[in-house]
Amino acid sequence: MNSVGEACTELKREYDQCFNRWFAEKFLKGESAGDPCGQLFKRYQLCVQKAIKEKDIPIEGLEFMGPSKGKSENSS
Amino acid sequence: HPWETVTTAAMQKYPNPMNPSVVGVDVLDRHVDRSGKLHSHRLLSTEWGIPSIVKSLIGTCRTNTYIQEHSVVDPVEKTMELKSSNISFTNLVSVDERLVYKPHPHEPDKTILTQEAIITVKGVSLSSYLEGLMANTISSNANKGREALEWVINRLNAEIEEFTASARGTMRNSMAAAAFVEK
């Protein structure tokens, strides 16, 4: 799967591989401490943010997205 | 399929043959909150097969629709919630979708999906025919979504099978026969 920024696709693939492994093998089993993908994610993010600006994609600020979407899950 | 399988597949849903118009997926933000839930904000780029001559006239950006998706995975309560809404340049019609995946309360090898869509049209009143048409499309898309996850799960299983077959000789993984149950 490609990235919205063509130049970011390789970075995205590396990050995705790392994340998918961590998600299935650690996070879902309750070991969410420690994210081995932090560096990969940062590099990938910088690239994506740039591509979004260049393509002028009107994304609502992430600060708005979180609280306003009204997560309704109950914490245990 | 068990909730863990469905959730893992949902995180890797694209590409799949049931959603050929999704051409790009990016993670805008991802973090684990204080209560241990994983939040992901993703951007999906879709393209609707517009003839290339039109694209060259108006530019690719205008032929793409973008969808913003926010998902929350709670590994303790075993819920996955997905909320998505489309970002379009016309802003006339917006579709907000909400999906929740939870383990089946009585059958642990199954997952329940609840799905709802809210269609908002600005300014124009849709005739009931059009409303019906959109509702049908959305409900057949819901089936498509299940098929898509089924496809991803099969793909992931095939990868595991290949790996274990080559590593240990013969070993057969079998998934319990299961179907998605829609509430």
# chains A, B, ... in the order shown; residues from 1 in each chain; ligands from 1

call {"tool": "select_by_dssp", "arguments": {"residues": "region 5-59 of chain A", "states": "alpha helix (DSSP H)", "output": "ChimeraX atom specification"}}
result
/A:9-25,38-55

call {"tool": "write_last_selection", "arguments": {"atoms": "N, CA, C and O atoms", "output": "tab-separated table (two decimals), in the first residue's frame"}}
result
chain	number	residue	atom	x	y	z
A	9	THR	N	6.65	6.25	0.71
A	9	THR	CA	6.15	4.87	0.71
A	9	THR	C	7.12	3.89	1.36
A	9	THR	O	6.71	3.02	2.12
A	10	GLU	N	8.40	4.04	1.07
A	10	GLU	CA	9.38	3.11	1.66
A	10	GLU	C	9.44	3.26	3.17
A	10	GLU	O	9.45	2.28	3.92
A	11	LEU	N	9.47	4.50	3.63
A	11	LEU	CA	9.49	4.75	5.08
A	11	LEU	C	8.24	4.17	5.72
A	11	LEU	O	8.28	3.61	6.81
A	12	LYS	N	7.12	4.32	5.00
A	12	LYS	CA	5.86	3.81	5.53
A	12	LYS	C	5.92	2.30	5.67
A	12	LYS	O	5.47	1.73	6.66
A	13	ARG	N	6.48	1.63	4.65
A	13	ARG	CA	6.54	0.16	4.68
A	13	ARG	C	7.37	-0.33	5.86
A	13	ARG	O	6.97	-1.26	6.54
A	14	GLU	N	8.49	0.34	6.07
A	14	GLU	CA	9.35	-0.08	7.19
A	14	GLU	C	8.62	0.09	8.50
A	14	GLU	O	8.64	-0.78	9.37
A	15	TYR	N	7.96	1.25	8.64
A	15	TYR	CA	7.23	1.50	9.89
A	15	TYR	C	6.09	0.50	10.07
A	15	TYR	O	5.89	-0.06	11.13
A	16	ASP	N	5.32	0.27	8.98
A	16	ASP	CA	4.18	-0.65	9.05
A	16	ASP	C	4.61	-2.04	9.50
A	16	ASP	O	3.95	-2.68	10.31
A	17	GLN	N	5.72	-2.51	8.94
A	17	GLN	CA	6.20	-3.85	9.31
A	17	GLN	C	6.47	-3.92	10.81
A	17	GLN	O	6.08	-4.86	11.49
A	18	CYS	N	7.16	-2.88	11.29
A	18	CYS	CA	7.52	-2.83	12.71
A	18	CYS	C	6.25	-2.77	13.55
A	18	CYS	O	6.08	-3.52	14.51
A	19	PHE	N	5.33	-1.89	13.17
A	19	PHE	CA	4.10	-1.71	13.94
A	19	PHE	C	3.25	-2.97	13.96
A	19	PHE	O	2.75	-3.39	15.00
A	20	ASN	N	3.04	-3.60	12.79
A	20	ASN	CA	2.16	-4.77	12.73
A	20	ASN	C	2.67	-5.90	13.61
A	20	ASN	O	1.90	-6.60	14.25
A	21	ARG	N	4.00	-6.04	13.64
A	21	ARG	CA	4.58	-7.08	14.48
A	21	ARG	C	4.34	-6.76	15.96
A	21	ARG	O	3.88	-7.59	16.72
A	22	TRP	N	4.65	-5.50	16.32
A	22	TRP	CA	4.48	-5.10	17.72
A	22	TRP	C	3.01	-5.23	18.15
A	22	TRP	O	2.69	-5.68	19.25
A	23	PHE	N	2.11	-4.82	17.26
A	23	PHE	CA	0.68	-4.81	17.58
A	23	PHE	C	0.19	-6.21	17.90
A	23	PHE	O	-0.45	-6.46	18.92
A	24	ALA	N	0.51	-7.18	17.00
A	24	ALA	CA	-0.02	-8.53	17.17
A	24	ALA	C	0.71	-9.29	18.29
A	24	ALA	O	0.09	-10.04	19.04
A	25	GLU	N	2.03	-9.07	18.39
A	25	GLU	CA	2.79	-9.89	19.33
A	25	GLU	C	2.88	-9.29	20.73
A	25	GLU	O	3.10	-10.01	21.69
A	38	GLY	N	9.41	3.83	17.45
A	38	GLY	CA	9.39	5.29	17.58
A	38	GLY	C	10.19	6.04	16.54
A	38	GLY	O	9.71	6.97	15.92
A	39	GLN	N	11.46	5.59	16.34
A	39	GLN	CA	12.33	6.29	15.39
A	39	GLN	C	11.78	6.21	13.97
A	39	GLN	O	11.73	7.19	13.24
A	40	LEU	N	11.38	5.00	13.59
A	40	LEU	CA	10.85	4.80	12.25
A	40	LEU	C	9.64	5.69	12.03
A	40	LEU	O	9.45	6.29	10.98
A	41	PHE	N	8.81	5.76	13.08
A	41	PHE	CA	7.59	6.55	12.97
A	41	PHE	C	7.91	8.02	12.77
A	41	PHE	O	7.32	8.70	11.94
A	42	LYS	N	8.89	8.52	13.53
A	42	LYS	CA	9.23	9.96	13.41
A	42	LYS	C	9.67	10.29	12.00
A	42	LYS	O	9.24	11.29	11.42
A	43	ARG	N	10.53	9.44	11.44
A	43	ARG	CA	11.05	9.72	10.09
A	43	ARG	C	9.90	9.71	9.08
A	43	ARG	O	9.80	10.56	8.22
A	44	TYR	N	9.05	8.70	9.21
A	44	TYR	CA	7.93	8.54	8.31
A	44	TYR	C	6.98	9.73	8.44
A	44	TYR	O	6.51	10.30	7.45
A	45	GLN	N	6.72	10.18	9.67
A	45	GLN	CA	5.83	11.29	9.94
A	45	GLN	C	6.28	12.58	9.28
A	45	GLN	O	5.49	13.32	8.70
A	46	LEU	N	7.56	12.89	9.40
A	46	LEU	CA	8.08	14.13	8.83
A	46	LEU	C	7.78	14.16	7.34
A	46	LEU	O	7.36	15.17	6.79
A	47	CYS	N	7.99	13.00	6.72
A	47	CYS	CA	7.75	12.92	5.28
A	47	CYS	C	6.28	13.14	4.95
A	47	CYS	O	5.93	13.89	4.04
A	48	VAL	N	5.40	12.50	5.73
A	48	VAL	CA	3.97	12.58	5.45
A	48	VAL	C	3.44	14.00	5.67
A	48	VAL	O	2.65	14.51	4.88
A	49	GLN	N	3.88	14.64	6.76
A	49	GLN	CA	3.40	16.00	7.04
A	49	GLN	C	3.73	16.92	5.88
A	49	GLN	O	2.94	17.77	5.47
A	50	LYS	N	4.95	16.72	5.35
A	50	LYS	CA	5.38	17.57	4.24
A	50	LYS	C	4.49	17.32	3.02
A	50	LYS	O	4.05	18.25	2.36
A	51	ALA	N	4.22	16.04	2.74
A	51	ALA	CA	3.41	15.70	1.57
A	51	ALA	C	2.00	16.26	1.70
A	51	ALA	O	1.42	16.75	0.73
A	52	ILE	N	1.45	16.22	2.90
A	52	ILE	CA	0.10	16.72	3.11
A	52	ILE	C	0.04	18.22	2.86
A	52	ILE	O	-0.88	18.74	2.23
A	53	LYS	N	1.07	18.93	3.33
A	53	LYS	CA	1.10	20.39	3.09
A	53	LYS	C	1.20	20.65	1.61
A	53	LYS	O	0.51	21.52	1.07
A	54	GLU	N	2.07	19.89	0.96
A	54	GLU	CA	2.28	20.15	-0.47
A	54	GLU	C	1.02	19.89	-1.27
A	54	GLU	O	0.74	20.59	-2.24
A	55	LYS	N	0.26	18.86	-0.86
A	55	LYS	CA	-0.94	18.53	-1.61
A	55	LYS	C	-2.14	19.32	-1.11
A	55	LYS	O	-3.24	19.15	-1.64

call {"tool": "interface_residues", "arguments": {"of": "chain B", "to": "chain A", "cutoff": "8 Å", "atoms": "only C-alpha atoms", "output": "PyMOL selection string"}}
result
chain B and resi 4+8+11-12+14-15+23-28+32+35-36+45+61+68+75-77+87

call {"tool": "atom_distance", "arguments": {"atom1": "CA of Glu81 (chain B)", "atom2": "CA of Lys102 (chain B)"}}
result
8.8 Å

call {"tool": "residues_around", "arguments": {"residues": "Val152 (chain B)", "least_positions_apart": "6", "cutoff": "8 Å", "atoms": "only C-alpha atoms", "output": "list in words"}}
result
Ala9, Gln12, Lys13 and Asn16 of chain B
